[in-house]
$ cat start-v4.txt   # compact mmCIF, C-alpha atoms
# COMPACT_ATOMS: atom_id res chain seq x y z
CA MET Y 1 -0.75 66.42 -5.06
CA MET Y 2 2.74 65.27 -4.17
CA ASN Y 3 1.43 63.70 -1.02
CA LYS Y 4 -1.11 61.65 -2.92
CA LYS Y 5 1.49 60.54 -5.40
CA ASN Y 6 3.69 59.27 -2.62
CA LYS Y 7 0.84 57.28 -1.25
CA ALA Y 8 0.06 55.53 -4.51
CA PHE Y 9 3.68 54.63 -5.25
CA ILE Y 10 5.27 52.31 -2.74
CA SER Y 11 8.76 50.97 -2.22
CA CYS Y 12 9.78 47.45 -3.18
CA ASP Y 13 9.89 46.44 0.48
CA GLU Y 14 6.32 47.52 0.97
CA ALA Y 15 5.31 45.83 -2.26
CA ASN Y 16 6.84 42.54 -1.14
CA HIS Y 17 5.14 42.88 2.20
CA SER Y 18 1.75 43.34 0.53
CA CYS Y 19 2.53 40.49 -1.81
CA ASP Y 20 3.29 38.14 1.10
CA LYS Y 21 0.13 39.25 2.84
CA SER Y 22 -2.00 38.68 -0.22
CA GLN Y 23 -0.75 35.07 -0.37
CA TYR Y 24 -2.67 34.51 2.85
CA ASN Y 25 -5.59 36.68 1.78
CA GLU Y 26 -4.73 39.22 4.40
CA ALA Y 27 -4.01 42.21 2.20
CA THR Y 28 -6.60 44.98 2.15
CA PHE Y 29 -8.03 46.27 -1.10
CA TRP Y 30 -5.91 49.40 -0.93
CA GLU Y 31 -2.75 47.36 -0.36
CA LYS Y 32 -3.52 45.14 -3.33
CA PHE Y 33 -4.24 48.19 -5.44
CA LYS Y 34 -0.91 49.77 -4.56
CA LEU Y 35 0.86 46.48 -5.14
CA ASN Y 36 -0.58 46.21 -8.64
CA ILE Y 37 0.45 49.77 -9.45
CA HIS Y 38 3.95 48.91 -8.28
CA LEU Y 39 4.04 45.72 -10.33
CA LEU Y 40 3.26 47.71 -13.47
CA TYR Y 41 6.69 49.29 -13.50
CA CYS Y 42 8.89 47.11 -11.26
CA ARG Y 43 10.22 44.01 -12.93
CA ALA Y 44 11.98 42.56 -9.89
CA CYS Y 45 8.83 42.64 -7.81
CA ARG Y 46 6.85 41.21 -10.68
CA LYS Y 47 9.16 38.24 -10.70
CA TYR Y 48 8.95 37.85 -6.94
CA SER Y 49 5.19 38.10 -7.09
CA ILE Y 50 4.95 35.37 -9.73
CA ASN Y 51 7.26 33.07 -7.81
CA ASN Y 52 5.39 33.74 -4.63
CA SER Y 53 2.03 32.78 -6.10
CA LYS Y 54 3.62 29.71 -7.62
CA LEU Y 55 4.87 28.65 -4.20
CA SER Y 56 1.42 29.14 -2.68
CA LYS Y 57 -0.16 27.09 -5.42
CA ILE Y 58 2.35 24.29 -5.00
CA ILE Y 59 1.83 24.11 -1.27
CA ASN Y 60 -1.93 24.11 -1.72
CA ASP Y 61 -1.82 21.39 -4.35
CA SER Y 62 0.52 19.13 -2.48
CA ASP Y 63 -0.99 17.26 0.42
CA VAL Y 64 1.70 18.59 2.69
CA ASP Y 65 0.79 18.20 6.31
CA CYS Y 66 2.52 18.49 9.62
CA LEU Y 67 1.91 17.87 13.28
CA ASP Y 68 -0.08 20.30 15.34
CA LEU Y 69 2.01 22.14 17.91
CA LYS Y 70 0.14 20.58 20.79
CA ASP Y 71 0.49 17.05 19.46
CA LYS Y 72 4.15 17.61 18.76
CA GLN Y 73 4.77 18.85 22.28
CA GLU Y 74 2.92 15.85 23.64
CA MET Y 75 5.03 13.54 21.57
CA LYS Y 76 8.15 15.31 22.68
CA ASP Y 77 7.31 15.04 26.36
CA CYS Y 78 6.50 11.38 26.01
CA PHE Y 79 9.70 10.71 24.13
CA GLU Y 80 11.89 12.60 26.53
CA LYS Y 81 10.52 10.62 29.45
CA GLU Y 82 11.44 7.42 27.68
CA LEU Y 83 14.82 8.81 26.77
CA LYS Y 84 15.59 9.68 30.36
CA LYS Y 85 14.59 6.23 31.51
CA ARG Y 86 16.98 4.75 29.03
CA GLN Y 87 19.86 6.97 29.92
CA GLN Y 88 19.55 6.13 33.59
CA LYS Y 89 19.50 2.38 33.12
CA PRO Y 90 23.00 1.55 31.92
CA MET J 1 34.09 4.27 11.40
CA PRO J 2 30.44 5.23 11.01
CA ASN J 3 29.73 8.20 8.78
CA HIS J 4 26.56 9.21 10.55
CA GLN J 5 26.11 9.83 14.23
CA ILE J 6 22.91 9.12 16.07
CA ASP J 7 21.47 11.60 18.53
CA PRO J 8 17.90 10.97 19.67
CA ASN J 9 17.62 14.27 21.54
CA LYS J 10 16.91 16.15 18.33
CA TRP J 11 14.74 13.56 16.63
CA ILE J 12 11.37 15.10 17.32
CA ASP J 13 12.39 18.57 16.21
CA LEU J 14 14.17 17.38 13.11
CA TYR J 15 12.13 14.52 11.78
CA SER J 16 8.64 14.37 13.31
CA ASP J 17 7.01 16.50 10.62
CA TYR J 18 8.75 14.69 7.81
CA LEU J 19 7.79 11.28 9.17
CA PHE J 20 4.26 12.48 9.88
CA ASN J 21 3.83 13.72 6.33
CA TYR J 22 5.18 10.42 5.04
CA THR J 23 2.70 8.48 7.18
CA ILE J 24 -0.36 10.62 6.59
CA THR J 25 -0.17 10.04 2.84
CA ARG J 26 -0.26 6.31 3.56
CA VAL J 27 -2.78 5.87 6.36
CA ARG J 28 -5.04 8.92 5.90
CA ASP J 29 -5.83 9.34 9.55
CA ARG J 30 -4.15 11.88 11.78
CA ASP J 31 -4.40 9.93 15.02
CA THR J 32 -3.13 6.70 13.54
CA ALA J 33 -0.32 8.53 11.80
CA GLN J 34 0.70 10.21 15.00
CA ASP J 35 0.73 6.92 16.87
CA LEU J 36 2.84 5.29 14.19
CA VAL J 37 5.37 8.09 14.25
CA GLN J 38 5.53 7.88 18.01
CA ASP J 39 6.05 4.11 17.84
CA THR J 40 8.78 4.63 15.31
CA PHE J 41 10.69 6.96 17.58
CA PHE J 42 10.41 4.50 20.45
CA ALA J 43 11.50 1.60 18.28
CA GLY J 44 14.40 3.66 17.02
CA LEU J 45 15.42 4.39 20.58
CA LYS J 46 15.30 0.72 21.46
CA SER J 47 17.42 -0.42 18.56
CA MET J 48 19.83 2.47 18.54
CA LYS J 49 22.79 0.17 18.89
CA ASN J 50 21.86 -1.45 15.57
CA PHE J 51 22.36 1.82 13.77
CA LYS J 52 25.42 1.30 11.64
CA GLY J 53 25.79 4.81 10.33
CA GLU J 54 25.59 3.71 6.72
CA ALA J 55 22.48 5.75 6.06
CA SER J 56 21.39 9.05 7.51
CA GLU J 57 19.30 9.06 10.66
CA ARG J 58 16.22 10.04 8.74
CA THR J 59 16.55 7.23 6.21
CA TRP J 60 17.00 4.81 9.04
CA LEU J 61 13.91 6.08 10.84
CA ILE J 62 11.89 5.94 7.62
CA SER J 63 12.85 2.29 7.20
CA ILE J 64 11.51 1.56 10.68
CA LEU J 65 8.39 3.57 9.93
CA LYS J 66 7.74 1.56 6.78
CA ARG J 67 7.67 -1.65 8.82
CA LYS J 68 5.34 0.01 11.31
CA ILE J 69 2.93 1.03 8.57
CA ILE J 70 2.92 -2.48 7.11
CA ASP J 71 2.33 -3.92 10.57
CA HIS J 72 -0.52 -1.47 11.06
CA TYR J 73 -2.27 -2.69 7.91
CA ARG J 74 -1.68 -6.30 8.87
CA LYS J 75 -3.22 -5.72 12.25
CA ILE J 76 -6.41 -4.06 11.03
CA ASN J 77 -6.78 -6.74 8.40
CA SER J 78 -6.46 -9.64 10.79
CA LYS J 79 -8.91 -8.21 13.26
CA LYS J 80 -11.77 -7.75 10.85
CA GLY J 81 -12.66 -10.48 8.37
CA LYS J 82 -9.61 -12.68 8.28
CA ALA J 83 -8.96 -13.40 4.60
CA GLU J 84 -11.02 -10.59 3.25
CA VAL J 85 -9.11 -7.71 1.80
CA ARG J 86 -10.57 -4.58 3.24
CA ILE J 87 -10.19 -1.28 1.57
CA ASN J 88 -11.12 1.67 3.67
CA TYR J 89 -12.02 4.57 1.46
CA ASN J 90 -12.54 6.71 4.46
CA SER J 91 -12.61 5.86 8.09
CA ASP J 92 -15.92 7.56 8.91
CA SER J 93 -18.22 4.77 9.90
CA GLU J 94 -21.35 6.65 8.87
CA ASP J 95 -20.35 6.38 5.25
CA GLU J 96 -20.21 2.62 5.40
CA GLY J 97 -22.33 0.81 2.88
CA ASN J 98 -22.04 3.38 0.13
CA TRP J 99 -19.86 1.09 -1.90
CA LEU J 100 -21.31 1.70 -5.33
CA GLU J 101 -21.38 5.43 -4.99
CA GLU J 102 -17.83 5.46 -3.79
CA ARG J 103 -16.69 3.42 -6.72
CA VAL J 104 -18.08 5.60 -9.49
CA ALA J 105 -15.19 7.24 -11.24
CA ASP J 106 -14.96 10.91 -10.57
CA PRO J 107 -13.73 12.67 -13.70
CA PHE J 108 -12.34 15.52 -11.65
CA ASP J 109 -10.55 13.25 -9.27
CA LYS J 110 -6.80 13.18 -9.18
CA THR J 111 -5.16 10.28 -10.92
CA ALA J 112 -2.82 7.91 -9.14
CA GLU J 113 0.11 9.65 -10.75
CA ASP J 114 -1.00 13.02 -9.49
CA ASN J 115 -1.28 11.63 -6.02
CA LEU J 116 2.14 10.05 -6.18
CA GLU J 117 3.62 13.28 -7.40
CA ASN J 118 1.92 15.22 -4.63
CA THR J 119 3.23 12.83 -2.02
CA GLU J 120 6.74 13.34 -3.27
CA LEU J 121 6.19 17.07 -3.48
CA GLY J 122 5.07 17.12 0.13
CA LEU J 123 8.29 15.44 1.17
CA ALA J 124 10.30 17.82 -1.01
CA ILE J 125 8.63 20.76 0.71
CA HIS J 126 9.49 19.30 4.09
CA ASN J 127 13.06 18.86 2.95
CA CYS J 128 13.25 22.54 2.11
CA ILE J 129 11.57 23.59 5.34
CA GLY J 130 14.11 21.47 7.17
CA LYS J 131 16.88 23.64 5.81
CA LEU J 132 15.43 26.81 7.32
CA PRO J 133 16.52 28.18 10.67
CA GLU J 134 14.30 26.75 13.40
CA LYS J 135 12.29 29.90 14.06
CA GLN J 136 11.54 30.51 10.40
CA ALA J 137 10.54 26.90 9.91
CA GLN J 138 8.20 27.03 12.87
CA VAL J 139 6.49 30.26 11.82
CA PHE J 140 6.21 29.15 8.22
CA LYS J 141 4.65 25.82 9.16
CA MET J 142 2.16 27.43 11.51
CA LYS J 143 1.17 30.08 9.02
CA THR J 144 1.16 28.17 5.76
CA ILE J 145 0.46 24.54 6.56
CA LEU J 146 -1.54 24.69 9.75
CA ASP J 147 -3.29 27.93 8.71
CA TYR J 148 -3.00 29.71 12.03
CA GLU J 149 -4.21 33.29 12.28
CA THR J 150 -1.48 35.90 12.31
CA GLU J 151 -2.53 37.06 15.74
CA ALA J 152 -2.52 33.55 17.16
CA ILE J 153 1.06 32.98 16.03
CA CYS J 154 2.16 36.34 17.38
CA ASN J 155 0.69 35.51 20.77
CA GLU J 156 2.05 32.00 20.82
CA LEU J 157 5.62 32.96 19.93
CA ASP J 158 5.58 36.43 21.44
CA ILE J 159 6.54 38.35 18.31
CA THR J 160 5.06 41.39 16.60
CA ALA J 161 3.08 41.20 13.37
CA SER J 162 5.72 43.01 11.33
CA ASN J 163 8.30 40.66 12.79
CA LEU J 164 6.20 37.75 11.62
CA TRP J 165 5.92 39.07 8.09
CA VAL J 166 9.65 39.56 7.85
CA ILE J 167 10.18 35.95 8.96
CA ILE J 168 7.56 34.72 6.50
CA HIS J 169 9.16 36.71 3.72
CA ARG J 170 12.59 35.21 4.36
CA ALA J 171 11.18 31.72 4.67
CA ARG J 172 9.22 32.01 1.44
CA THR J 173 12.21 33.29 -0.51
CA THR J 174 14.41 30.48 0.76
CA ILE J 175 11.83 27.77 0.14
CA ALA J 176 11.02 29.06 -3.33
CA ALA J 177 14.70 28.98 -4.23
CA CYS J 178 15.13 25.55 -2.69
CA LEU J 179 12.15 24.06 -4.53
CA GLU J 180 13.28 25.71 -7.73
CA LYS J 181 16.57 23.87 -7.44
CA ASN J 182 15.29 20.50 -6.26
CA TRP J 183 11.87 20.09 -7.76
CA PHE J 184 11.35 21.83 -11.10
$ encode --input "start-v4.txt" --output "structure tokens"
Amino acid sequence: MMNKKNKAFISCDEANHSCDKSQYNEATFWEKFKLNIHLLYCRACRKYSINNSKLSKIINDSDVDCLDLKDKQEMKDCFEKELKKRQQKP
Amino acid sequence: MPNHQIDPNKWIDLYSDYLFNYTITRVRDRDTAQDLVQDTFFAGLKSMKNFKGEASERTWLISILKRKIIDHYRKINSKKGKAEVRINYNSDSEDEGNWLEERVADPFDKTAEDNLENTELGLAIHNCIGKLPEKQAQVFKMKTILDYETEAICNELDITASNLWVIIHRARTTIAACLEKNWF
């Protein structure tokens, strides 16, 4: 009985971990279940959870974009070549 | 005495994503945007001695980028149909000719104000990401913006999954706090 109870109640660290995971849809059903149990009685995690979803929503709504790693590396290589050329000249 | 120093060695790491985001909201094409950003860095390098240090490096680069974007639109306009103002709704050539359909108002579409706000929000997010330590910024961008799989990031950066989640957690807390302060 005790063992089961321990499994259903998780620490705040674990709750935050599940919460982060669920922002990327990577939390399992059991993790989400335990998270929701935890949120019932933990105000701090409830606040974190709300803020976290808000952040996800904002990032999804904004058209934020950034360079792919490969493209960035390409750009960097190209730029560094040019930079070297310039530093040798004078 | 100039207030701001110029150091091109760090440009790509520091500003490429910010400039790219700025461009992509204006030209709507990844390849073009990338080229423009690249051109901007080269132009910046060439005219480094004109940098007076009155503005920050990033502001200075943005001002070059703005000229590049204007030039880009001038160029595509002069090539095709000289005096005709061309509006490209999307660059896919297969959709050409669907003018009427494209012009019907979509009630669920975002308004111009929404778009403007989102553009600014995107830049605000990049501002906040820029304040993170490099590793956190990189992981956060890969995970959240580029939507990489957890495993792919772990392999690429040689970290464990739990390591990744800790980094993500820290990054999210910092960014949430930063946006809270600067955006809402």
$ closest_residue --input "start-v4.txt" --among "J:Ser78, J:Thr59, J:Thr150, J:Gln136" --to "chain Y" --atoms "all atoms listed in the file"
J:Thr150
$ residues_around --input "start-v4.txt" --residues "Glu82 of chain Y" --least-positions-apart "6" --cutoff "10 Å" --atoms "all atoms listed in the file" --output "NGL selection string"
(:Y and (76)) or (:J and (42 or 45-46))
$ write_last_selection --input "start-v4.txt" --atoms "C-alpha atoms" --output "mmCIF file, in the frame of the given file"
data_model
loop_
_atom_site.group_PDB
_atom_site.id
_atom_site.type_symbol
_atom_site.label_atom_id
_atom_site.label_comp_id
_atom_site.auth_asym_id
_atom_site.auth_seq_id
_atom_site.Cartn_x
_atom_site.Cartn_y
_atom_site.Cartn_z
ATOM 1 C CA LYS Y 76 8.150 15.310 22.680
ATOM 2 C CA PHE J 42 10.410 4.500 20.450
ATOM 3 C CA LEU J 45 15.420 4.390 20.580
ATOM 4 C CA LYS J 46 15.300 0.720 21.460
#
$ atom_distance --input "start-v4.txt" --atom1 "atom CA of Asp158 of chain J" --atom2 "atom CA of Met142 of chain J"
13.8 Å
$ closest_atom_pairs --input "start-v4.txt" --of "chain J" --to "chain Y" --cutoff "6 Å" --atoms "all atoms listed in the file" --output "tab-separated table"
residue	atom	partner	partner_atom	distance
J:Asp17	CA	Y:Cys66	CA	5.0
J:Asn21	CA	Y:Asp65	CA	5.4
J:Asn118	CA	Y:Ser62	CA	4.7
J:Gly122	CA	Y:Val64	CA	4.5
$ atom_distance --input "start-v4.txt" --atom1 "atom CA of Lys52 of chain J" --atom2 "atom CA of Ile6 of chain J"
9.3 Å
$ atom_distance --input "start-v4.txt" --atom1 "atom CA of Leu65 of chain J" --atom2 "atom CA of Lys135 of chain J"
26.9 Å
$ residues_around --input "start-v4.txt" --residues "Glu14 of chain Y" --least-positions-apart "5" --cutoff "12 Å" --atoms "all atoms listed in the file" --output "list in words"
Lys7, Ala8, Phe9, Cys19, Asp20, Lys21, Ala27, Glu31, Lys32, Lys34, Leu35, Asn36, His38, Leu39 and Cys45 of chain Y; Ser162, Trp165, Val166 and His169 of chain J
$ residues_around --input "start-v4.txt" --residues "Thr32 of chain J" --least-positions-apart "2" --cutoff "12 Å" --atoms "all atoms listed in the file" --output "PDB file with C-alpha atoms, in the coordinates of the input"
ATOM      1  CA  PHE J  20       4.260  12.480   9.880  1.00  0.00           C
ATOM      2  CA  THR J  23       2.700   8.480   7.180  1.00  0.00           C
ATOM      3  CA  ILE J  24      -0.360  10.620   6.590  1.00  0.00           C
ATOM      4  CA  THR J  25      -0.170  10.040   2.840  1.00  0.00           C
ATOM      5  CA  ARG J  26      -0.260   6.310   3.560  1.00  0.00           C
ATOM      6  CA  VAL J  27      -2.780   5.870   6.360  1.00  0.00           C
ATOM      7  CA  ARG J  28      -5.040   8.920   5.900  1.00  0.00           C
ATOM      8  CA  ASP J  29      -5.830   9.340   9.550  1.00  0.00           C
ATOM      9  CA  ARG J  30      -4.150  11.880  11.780  1.00  0.00           C
ATOM     10  CA  GLN J  34       0.700  10.210  15.000  1.00  0.00           C
ATOM     11  CA  ASP J  35       0.730   6.920  16.870  1.00  0.00           C
ATOM     12  CA  LEU J  36       2.840   5.290  14.190  1.00  0.00           C
ATOM     13  CA  VAL J  37       5.370   8.090  14.250  1.00  0.00           C
ATOM     14  CA  GLN J  38       5.530   7.880  18.010  1.00  0.00           C
ATOM     15  CA  ASP J  39       6.050   4.110  17.840  1.00  0.00           C
ATOM     16  CA  LYS J  68       5.340   0.010  11.310  1.00  0.00           C
ATOM     17  CA  ILE J  69       2.930   1.030   8.570  1.00  0.00           C
ATOM     18  CA  HIS J  72      -0.520  -1.470  11.060  1.00  0.00           C
ATOM     19  CA  TYR J  73      -2.270  -2.690   7.910  1.00  0.00           C
ATOM     20  CA  ILE J  76      -6.410  -4.060  11.030  1.00  0.00           C
ATOM     21  CA  SER J  91     -12.610   5.860   8.090  1.00  0.00           C
TER      22      SER J  91
END
$ closest_residue --input "start-v4.txt" --among "Y:Lys57, Y:Cys42, Y:Lys70, Y:Gln87" --to "Ile10 of chain Y" --atoms "only C-alpha atoms"
Y:Cys42
$ residues_around --input "start-v4.txt" --residues "segment 173-175 of chain J" --least-positions-apart "6" --cutoff "10 Å" --atoms "only C-alpha atoms" --output "NGL selection string"
(:Y and (48 or 51-52 or 55)) or (:J and (125-132 or 137 or 140 or 181))
$ build_atoms --input "start-v4.txt" --residues "segment 156-183 of chain J" --atoms "N, CA and C atoms" --output "PDB file, keeping the file's coordinate frame"
ATOM      1  N   GLU J 156       1.397  33.245  20.457  1.00  0.00           N
ATOM      2  CA  GLU J 156       2.050  32.000  20.820  1.00  0.00           C
ATOM      3  C   GLU J 156       3.565  32.165  20.947  1.00  0.00           C
ATOM      4  N   LEU J 157       4.162  32.860  19.976  1.00  0.00           N
ATOM      5  CA  LEU J 157       5.620  32.960  19.930  1.00  0.00           C
ATOM      6  C   LEU J 157       6.135  34.275  20.476  1.00  0.00           C
ATOM      7  N   ASP J 158       5.198  35.157  20.867  1.00  0.00           N
ATOM      8  CA  ASP J 158       5.580  36.430  21.440  1.00  0.00           C
ATOM      9  C   ASP J 158       6.412  37.269  20.481  1.00  0.00           C
ATOM     10  N   ILE J 159       5.888  37.464  19.276  1.00  0.00           N
ATOM     11  CA  ILE J 159       6.540  38.350  18.310  1.00  0.00           C
ATOM     12  C   ILE J 159       5.510  39.341  17.783  1.00  0.00           C
ATOM     13  N   THR J 160       5.990  40.417  17.155  1.00  0.00           N
ATOM     14  CA  THR J 160       5.060  41.390  16.600  1.00  0.00           C
ATOM     15  C   THR J 160       4.660  40.961  15.196  1.00  0.00           C
ATOM     16  N   ALA J 161       3.588  41.587  14.691  1.00  0.00           N
ATOM     17  CA  ALA J 161       3.080  41.200  13.370  1.00  0.00           C
ATOM     18  C   ALA J 161       4.114  41.497  12.283  1.00  0.00           C
ATOM     19  N   SER J 162       4.767  42.673  12.395  1.00  0.00           N
ATOM     20  CA  SER J 162       5.720  43.010  11.330  1.00  0.00           C
ATOM     21  C   SER J 162       6.916  42.059  11.383  1.00  0.00           C
ATOM     22  N   ASN J 163       7.260  41.663  12.608  1.00  0.00           N
ATOM     23  CA  ASN J 163       8.300  40.660  12.790  1.00  0.00           C
ATOM     24  C   ASN J 163       7.940  39.375  12.071  1.00  0.00           C
ATOM     25  N   LEU J 164       6.682  38.971  12.251  1.00  0.00           N
ATOM     26  CA  LEU J 164       6.200  37.750  11.620  1.00  0.00           C
ATOM     27  C   LEU J 164       6.293  37.822  10.106  1.00  0.00           C
ATOM     28  N   TRP J 165       5.902  38.967   9.555  1.00  0.00           N
ATOM     29  CA  TRP J 165       5.920  39.070   8.090  1.00  0.00           C
ATOM     30  C   TRP J 165       7.329  39.039   7.540  1.00  0.00           C
ATOM     31  N   VAL J 166       8.258  39.619   8.301  1.00  0.00           N
ATOM     32  CA  VAL J 166       9.650  39.560   7.850  1.00  0.00           C
ATOM     33  C   VAL J 166      10.124  38.103   7.827  1.00  0.00           C
ATOM     34  N   ILE J 167       9.779  37.353   8.894  1.00  0.00           N
ATOM     35  CA  ILE J 167      10.180  35.950   8.960  1.00  0.00           C
ATOM     36  C   ILE J 167       9.557  35.172   7.805  1.00  0.00           C
ATOM     37  N   ILE J 168       8.252  35.423   7.588  1.00  0.00           N
ATOM     38  CA  ILE J 168       7.560  34.720   6.500  1.00  0.00           C
ATOM     39  C   ILE J 168       8.215  35.041   5.157  1.00  0.00           C
ATOM     40  N   HIS J 169       8.555  36.308   4.982  1.00  0.00           N
ATOM     41  CA  HIS J 169       9.160  36.710   3.720  1.00  0.00           C
ATOM     42  C   HIS J 169      10.469  35.964   3.477  1.00  0.00           C
ATOM     43  N   ARG J 170      11.302  35.916   4.499  1.00  0.00           N
ATOM     44  CA  ARG J 170      12.590  35.210   4.360  1.00  0.00           C
ATOM     45  C   ARG J 170      12.369  33.740   4.084  1.00  0.00           C
ATOM     46  N   ALA J 171      11.432  33.153   4.843  1.00  0.00           N
ATOM     47  CA  ALA J 171      11.180  31.720   4.670  1.00  0.00           C
ATOM     48  C   ALA J 171      10.696  31.427   3.259  1.00  0.00           C
ATOM     49  N   ARG J 172       9.782  32.257   2.773  1.00  0.00           N
ATOM     50  CA  ARG J 172       9.220  32.010   1.440  1.00  0.00           C
ATOM     51  C   ARG J 172      10.284  32.121   0.362  1.00  0.00           C
ATOM     52  N   THR J 173      11.155  33.131   0.504  1.00  0.00           N
ATOM     53  CA  THR J 173      12.210  33.290  -0.510  1.00  0.00           C
ATOM     54  C   THR J 173      13.117  32.063  -0.515  1.00  0.00           C
ATOM     55  N   THR J 174      13.510  31.620   0.687  1.00  0.00           N
ATOM     56  CA  THR J 174      14.410  30.480   0.760  1.00  0.00           C
ATOM     57  C   THR J 174      13.759  29.222   0.197  1.00  0.00           C
ATOM     58  N   ILE J 175      12.506  28.988   0.585  1.00  0.00           N
ATOM     59  CA  ILE J 175      11.830  27.770   0.140  1.00  0.00           C
ATOM     60  C   ILE J 175      11.608  27.796  -1.363  1.00  0.00           C
ATOM     61  N   ALA J 176      11.221  28.968  -1.885  1.00  0.00           N
ATOM     62  CA  ALA J 176      11.020  29.060  -3.330  1.00  0.00           C
ATOM     63  C   ALA J 176      12.307  28.706  -4.063  1.00  0.00           C
ATOM     64  N   ALA J 177      13.418  29.256  -3.576  1.00  0.00           N
ATOM     65  CA  ALA J 177      14.700  28.980  -4.230  1.00  0.00           C
ATOM     66  C   ALA J 177      15.055  27.505  -4.113  1.00  0.00           C
ATOM     67  N   CYS J 178      14.789  26.945  -2.938  1.00  0.00           N
ATOM     68  CA  CYS J 178      15.130  25.550  -2.690  1.00  0.00           C
ATOM     69  C   CYS J 178      14.308  24.617  -3.575  1.00  0.00           C
ATOM     70  N   LEU J 179      13.011  24.914  -3.688  1.00  0.00           N
ATOM     71  CA  LEU J 179      12.150  24.060  -4.530  1.00  0.00           C
ATOM     72  C   LEU J 179      12.523  24.222  -6.000  1.00  0.00           C
ATOM     73  N   GLU J 180      12.865  25.433  -6.353  1.00  0.00           N
ATOM     74  CA  GLU J 180      13.280  25.710  -7.730  1.00  0.00           C
ATOM     75  C   GLU J 180      14.440  24.801  -8.119  1.00  0.00           C
ATOM     76  N   LYS J 181      15.359  24.655  -7.169  1.00  0.00           N
ATOM     77  CA  LYS J 181      16.570  23.870  -7.440  1.00  0.00           C
ATOM     78  C   LYS J 181      16.265  22.371  -7.429  1.00  0.00           C
ATOM     79  N   ASN J 182      15.436  21.943  -6.479  1.00  0.00           N
ATOM     80  CA  ASN J 182      15.290  20.500  -6.260  1.00  0.00           C
ATOM     81  C   ASN J 182      14.053  19.886  -6.884  1.00  0.00           C
ATOM     82  N   TRP J 183      13.118  20.696  -7.302  1.00  0.00           N
ATOM     83  CA  TRP J 183      11.870  20.090  -7.760  1.00  0.00           C
ATOM     84  C   TRP J 183      11.612  20.320  -9.242  1.00  0.00           C
TER      85      TRP J 183
END
